[in-house]
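Heads up, final25.txt below (compact mmCIF, C-alpha atoms):
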```txt
# COMPACT_ATOMS: atom_id res chain seq x y z
CA MET A 601 -24.68 -30.34 53.67
CA GLU A 602 -21.48 -30.13 55.60
CA ASN A 603 -19.50 -31.80 52.79
CA GLY A 604 -19.73 -28.67 50.58
CA ALA A 605 -21.76 -30.24 47.76
CA VAL A 606 -24.10 -27.26 47.66
CA TYR A 607 -21.28 -24.76 47.28
CA SER A 608 -19.40 -26.31 44.36
CA PRO A 609 -17.48 -23.97 42.05
CA THR A 610 -19.72 -22.34 39.44
CA THR A 611 -17.12 -20.67 37.22
CA GLU A 612 -14.31 -22.07 35.15
CA GLU A 613 -10.72 -21.44 35.92
CA ASN A 614 -8.84 -18.87 33.84
CA PRO A 615 -8.01 -20.75 30.62
CA GLY A 616 -4.91 -18.63 30.01
CA PRO A 617 -3.85 -16.93 26.79
CA ALA A 618 -5.33 -18.15 23.53
CA ARG A 619 -3.11 -20.41 21.50
CA GLY A 620 -4.99 -20.38 18.20
CA ALA A 621 -3.76 -19.72 14.70
CA ARG A 622 -4.51 -15.97 14.99
CA SER A 623 -3.21 -15.11 18.42
CA GLY A 624 -0.62 -12.66 19.57
CA LEU A 625 0.84 -10.23 17.05
CA ALA A 626 -0.64 -12.10 14.07
CA ALA A 627 -4.15 -11.22 15.26
CA TYR A 628 -3.48 -7.55 14.44
CA PHE A 629 -2.56 -8.12 10.77
CA SER A 630 -5.16 -8.66 8.09
CA LEU A 631 -4.56 -8.56 4.35
CA GLY A 632 -8.28 -8.89 3.64
CA ARG A 633 -8.82 -5.18 3.00
CA LEU A 634 -6.82 -5.35 -0.22
CA ARG A 635 -7.72 -7.39 -3.27
CA LEU A 636 -5.21 -9.99 -4.41
CA HIS A 637 -3.75 -7.91 -7.24
CA ARG A 638 -3.44 -4.84 -4.98
CA ARG A 639 -1.72 -6.96 -2.31
CA LEU A 640 0.69 -8.21 -4.94
CA PHE A 641 1.41 -4.65 -6.11
CA LYS A 642 2.00 -3.44 -2.54
CA VAL A 643 4.32 -6.29 -1.63
CA LEU A 644 6.29 -5.93 -4.88
CA GLN A 645 6.58 -2.16 -4.35
CA LEU A 646 7.95 -2.78 -0.88
CA LEU A 647 10.37 -5.50 -1.96
CA LEU A 648 11.65 -3.82 -5.13
CA SER A 649 12.18 -0.43 -3.51
CA LEU A 650 14.06 -2.12 -0.66
CA LEU A 651 16.24 -4.05 -3.13
CA ALA A 652 16.94 -0.85 -5.09
CA PHE A 653 17.94 0.90 -1.87
CA ILE A 654 20.18 -1.99 -0.76
CA CYS A 655 21.90 -2.24 -4.14
CA GLU A 656 22.47 1.50 -4.18
CA GLU A 657 23.97 1.37 -0.67
CA VAL A 658 26.53 -1.18 -1.86
CA VAL A 659 28.01 1.36 -4.31
CA SER A 660 31.36 2.39 -2.82
CA GLN A 661 32.40 5.24 -5.12
CA CYS A 662 30.96 7.40 -7.87
CA THR A 663 32.13 10.08 -10.26
CA LEU A 664 28.80 11.97 -10.61
CA CYS A 665 27.21 11.43 -7.23
CA GLY A 666 24.16 13.68 -7.59
CA GLY A 667 22.12 11.00 -9.35
CA LEU A 668 23.19 8.40 -6.80
CA TYR A 669 22.17 10.59 -3.85
CA PHE A 670 18.83 11.47 -5.41
CA PHE A 671 18.17 7.79 -6.16
CA GLU A 672 19.15 6.91 -2.59
CA PHE A 673 16.69 9.41 -1.15
CA VAL A 674 13.86 8.37 -3.46
CA SER A 675 14.34 4.61 -3.04
CA CYS A 676 14.46 4.91 0.76
CA SER A 677 11.42 7.20 0.79
CA ALA A 678 9.52 4.87 -1.54
CA PHE A 679 10.28 1.92 0.72
CA LEU A 680 9.14 3.77 3.84
CA LEU A 681 5.98 5.15 2.22
CA SER A 682 4.97 1.77 0.81
CA LEU A 683 5.63 0.18 4.20
CA LEU A 684 3.51 2.84 5.89
CA ILE A 685 0.58 2.36 3.49
CA LEU A 686 0.78 -1.42 3.85
CA ILE A 687 0.80 -1.13 7.65
CA VAL A 688 -2.24 1.16 7.58
CA TYR A 689 -4.16 -1.26 5.36
CA CYS A 690 -3.20 -4.37 7.34
CA THR A 691 -3.61 -3.22 10.95
CA PRO A 692 -6.47 -1.88 13.09
CA VAL A 693 -5.25 1.65 12.27
CA TYR A 694 -7.40 1.38 9.12
CA ASP A 695 -10.52 1.08 11.29
CA ARG A 696 -9.62 4.21 13.26
CA VAL A 697 -9.20 6.54 10.29
CA ASP A 698 -11.55 7.44 7.46
CA ALA A 699 -11.30 4.76 4.75
CA VAL A 700 -11.93 7.31 2.00
CA LYS A 701 -8.96 9.38 3.20
CA VAL A 702 -6.72 6.31 3.32
CA LYS A 703 -7.65 5.34 -0.24
CA SER A 704 -7.23 8.91 -1.46
CA SER A 705 -3.84 9.21 0.23
CA ASP A 706 -2.78 5.87 -1.22
CA PHE A 707 -3.91 7.02 -4.67
CA TYR A 708 -1.83 10.20 -4.67
CA ILE A 709 1.16 8.79 -2.79
CA THR A 710 1.38 5.90 -5.25
CA LEU A 711 1.22 8.27 -8.25
CA GLY A 712 3.80 10.67 -6.82
CA THR A 713 6.16 7.95 -5.71
CA GLY A 714 5.97 6.15 -9.05
CA CYS A 715 6.70 9.32 -11.05
CA VAL A 716 9.56 10.48 -8.82
CA PHE A 717 11.04 6.97 -8.66
CA LEU A 718 10.95 6.75 -12.46
CA LEU A 719 12.64 10.15 -12.72
CA ALA A 720 15.31 9.15 -10.16
CA SER A 721 15.97 5.90 -12.03
CA ILE A 722 16.39 7.76 -15.33
CA ILE A 723 18.76 10.28 -13.74
CA PHE A 724 20.75 7.52 -12.02
CA VAL A 725 21.05 5.53 -15.26
CA SER A 726 22.43 8.57 -17.04
CA THR A 727 25.01 9.35 -14.32
CA HIS A 728 26.17 5.97 -12.97
CA ASP A 729 29.56 4.35 -13.58
CA ARG A 730 28.11 1.05 -14.86
CA THR A 731 29.18 -1.13 -11.95
CA PRO A 732 27.11 -4.26 -11.31
CA ALA A 733 25.64 -2.83 -8.09
CA GLU A 734 24.55 0.35 -9.86
CA THR A 735 23.05 -1.61 -12.73
CA ALA A 736 21.12 -3.82 -10.30
CA ALA A 737 19.91 -0.76 -8.40
CA THR A 738 18.61 0.87 -11.56
CA VAL A 739 16.88 -2.33 -12.69
CA PHE A 740 15.15 -2.65 -9.32
CA GLY A 741 14.38 1.08 -9.42
CA PHE A 742 12.68 0.84 -12.81
CA LEU A 743 10.76 -2.27 -11.75
CA ALA A 744 9.63 -0.59 -8.54
CA SER A 745 8.53 2.55 -10.37
CA PHE A 746 6.54 0.42 -12.82
CA MET A 747 4.89 -1.37 -9.88
CA PHE A 748 3.91 1.96 -8.33
CA LEU A 749 2.56 3.27 -11.63
CA SER A 750 0.74 0.00 -12.37
CA ASP A 751 -0.86 0.12 -8.93
CA PHE A 752 -1.92 3.70 -9.61
CA ALA A 753 -3.42 2.66 -12.96
CA SER A 754 -5.28 -0.14 -11.19
CA MET A 755 -6.69 2.26 -8.59
CA PHE A 756 -7.63 4.75 -11.33
CA TRP A 757 -9.45 2.04 -13.28
CA GLU A 758 -11.32 0.96 -10.13
CA LYS A 759 -12.37 4.58 -9.51
CA GLN A 760 -13.62 4.84 -13.08
CA GLN A 761 -15.64 1.62 -12.67
CA GLU A 762 -17.18 2.94 -9.45
CA SER A 763 -18.15 6.21 -11.09
CA GLN A 764 -19.72 4.34 -14.04
CA THR A 765 -21.93 2.35 -11.67
CA ARG A 766 -22.97 5.54 -9.84
CA LYS A 767 -23.90 7.50 -12.99
CA PRO A 768 -27.15 5.62 -13.74
CA GLU A 769 -28.23 6.13 -10.12
CA ALA A 770 -27.53 9.87 -10.35
CA ALA A 771 -29.44 10.06 -13.64
CA ARG A 772 -32.48 8.44 -12.02
CA ARG A 773 -32.37 10.97 -9.19
CA THR A 774 -32.19 13.82 -11.71
CA GLU A 775 -35.17 12.42 -13.61
CA ALA A 776 -37.12 12.11 -10.39
CA LEU A 777 -36.42 15.75 -9.59
CA THR A 778 -37.57 16.99 -13.00
CA GLU A 779 -40.86 15.04 -13.07
CA PRO A 780 -43.96 16.96 -11.98
CA LEU A 781 -45.28 16.05 -8.55
CA ASN A 782 -48.88 15.49 -9.71
CA ALA A 783 -48.04 13.17 -12.61
```

Rewritten as structure tokens:
Amino acid sequence: MENGAVYSPTTEENPGPARGARSGLAAYFSLGRLRLHRRLFKVLQLLLSLLAFICEEVVSQCTLCGGLYFFEFVSCSAFLLSLLILIVYCTPVYDRVDAVKVKSSDFYITLGTGCVFLLASIIFVSTHDRTPAETAATVFGFLASFMFLSDFASMFWEKQQESQTRKPEAARRTEALTEPLNA
């Protein structure tokens, strides 16, 4: 027994950090909480609002600058809000907050952003100097506002479908309450 055969190591060495496909920062991101069409809407909202903001920033001079400044504020805000919502859906933050509140916030933020972005695009179209950068910014602005409003319509339709499936269940509960107990 003096050779140490009885006291051989019983635990493995530290294998080190995982090197799999979902390690590191990628392990924190998951697009699985959103359906494919909602993912597409969210990514297009993010991309188009960023492109509208970039094209607007390229504009060097303007004659009626109020529309440009309003469009700048709205396009930047739309980009940041869509980025925030996408981060909440795709990270563990979603698990730490109430899912109903996240969906409700997304519903109203998407509606408000789409309406204000559409208004800013209309105002900017009516006040711009027709340079190529301004035209590109308004095109991206209109496309982004349509993506926001389409996403809102999709969420509204999903809410309507959920309420339609709940109505028969509520009707059965009402019938059960109105039936006599000794029947």

field: All residues 9 Å or closer to A:Leu683, only C-alpha atoms, same chain fewer than 6 positions away omitted, as a VMD selection string
entry: chain A and resid 642 to 643 645 to 646

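All residues of protein, DNA or RNA that reach within 6 Å of stretch 651-662 of chain A, judged by only C-alpha atoms and not counting those fewer than 2 positions away in the chain, are A:Leu648, A:Ser649, A:Leu664, A:Cys665, A:Ser675, A:Cys676, A:Ala733, A:Ala737, A:Phe740, A:Gly741.
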
query: Which is closer to A:Phe679 than all the others in A:Phe717, A:Tyr628, A:Phe707, A:Trp757, using all atoms listed in the file?
result: A:Phe717

Which centre and which edge lengths, in Å to one decimal, describe the axis-aligned box that holds all listed atoms of stretch 654-670 of chain A after 6 Å is added on each side, as lines of an AutoDock Vina configuration file?
```
center_x = 25.6
center_y = 5.7
center_z = -5.6
size_x = 25.6
size_y = 27.9
size_z = 21.9
```

message: Given the point (-2.5, 9.8, 4.5) in the coordinates of this file, which residues lie within 12 Å, counting all atoms listed in the file, and how would they look as a ChimeraX atom specification?
response: /A:681-682,684-689,693-694,697-710

For the selection you just gave me, I'd like the residues written to a file as an mmCIF file, in the coordinates of the input, keeping C-alpha atoms.
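The resulting again-v9.cif:
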```cif
data_model
loop_
_atom_site.group_PDB
_atom_site.id
_atom_site.type_symbol
_atom_site.label_atom_id
_atom_site.label_comp_id
_atom_site.auth_asym_id
_atom_site.auth_seq_id
_atom_site.Cartn_x
_atom_site.Cartn_y
_atom_site.Cartn_z
ATOM 1 C CA LEU A 681 5.980 5.150 2.220
ATOM 2 C CA SER A 682 4.970 1.770 0.810
ATOM 3 C CA LEU A 684 3.510 2.840 5.890
ATOM 4 C CA ILE A 685 0.580 2.360 3.490
ATOM 5 C CA LEU A 686 0.780 -1.420 3.850
ATOM 6 C CA ILE A 687 0.800 -1.130 7.650
ATOM 7 C CA VAL A 688 -2.240 1.160 7.580
ATOM 8 C CA TYR A 689 -4.160 -1.260 5.360
ATOM 9 C CA VAL A 693 -5.250 1.650 12.270
ATOM 10 C CA TYR A 694 -7.400 1.380 9.120
ATOM 11 C CA VAL A 697 -9.200 6.540 10.290
ATOM 12 C CA ASP A 698 -11.550 7.440 7.460
ATOM 13 C CA ALA A 699 -11.300 4.760 4.750
ATOM 14 C CA VAL A 700 -11.930 7.310 2.000
ATOM 15 C CA LYS A 701 -8.960 9.380 3.200
ATOM 16 C CA VAL A 702 -6.720 6.310 3.320
ATOM 17 C CA LYS A 703 -7.650 5.340 -0.240
ATOM 18 C CA SER A 704 -7.230 8.910 -1.460
ATOM 19 C CA SER A 705 -3.840 9.210 0.230
ATOM 20 C CA ASP A 706 -2.780 5.870 -1.220
ATOM 21 C CA PHE A 707 -3.910 7.020 -4.670
ATOM 22 C CA TYR A 708 -1.830 10.200 -4.670
ATOM 23 C CA ILE A 709 1.160 8.790 -2.790
ATOM 24 C CA THR A 710 1.380 5.900 -5.250
#
```

- request: Pick out the closest residue to A:Phe629 from this set: A:Ala736, A:Val674, A:Leu647, A:Cys690. Count all atoms listed in the file.
  value: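 Among A:Ala736, A:Val674, A:Leu647, A:Cys690, it is A:Cys690 that comes nearest to A:Phe629.
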
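Between atom CA of A:Asp695 and atom CA of A:Arg639 the interatomic distance comes to 18.1 Å.
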
- prompt: What is the distance between atom CA of A:Gly714 and atom CA of A:Ser763, in Å to one decimal?
  reply: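 Straight-line distance from atom CA of A:Gly714 to atom CA of A:Ser763 works out to 24.2 Å.
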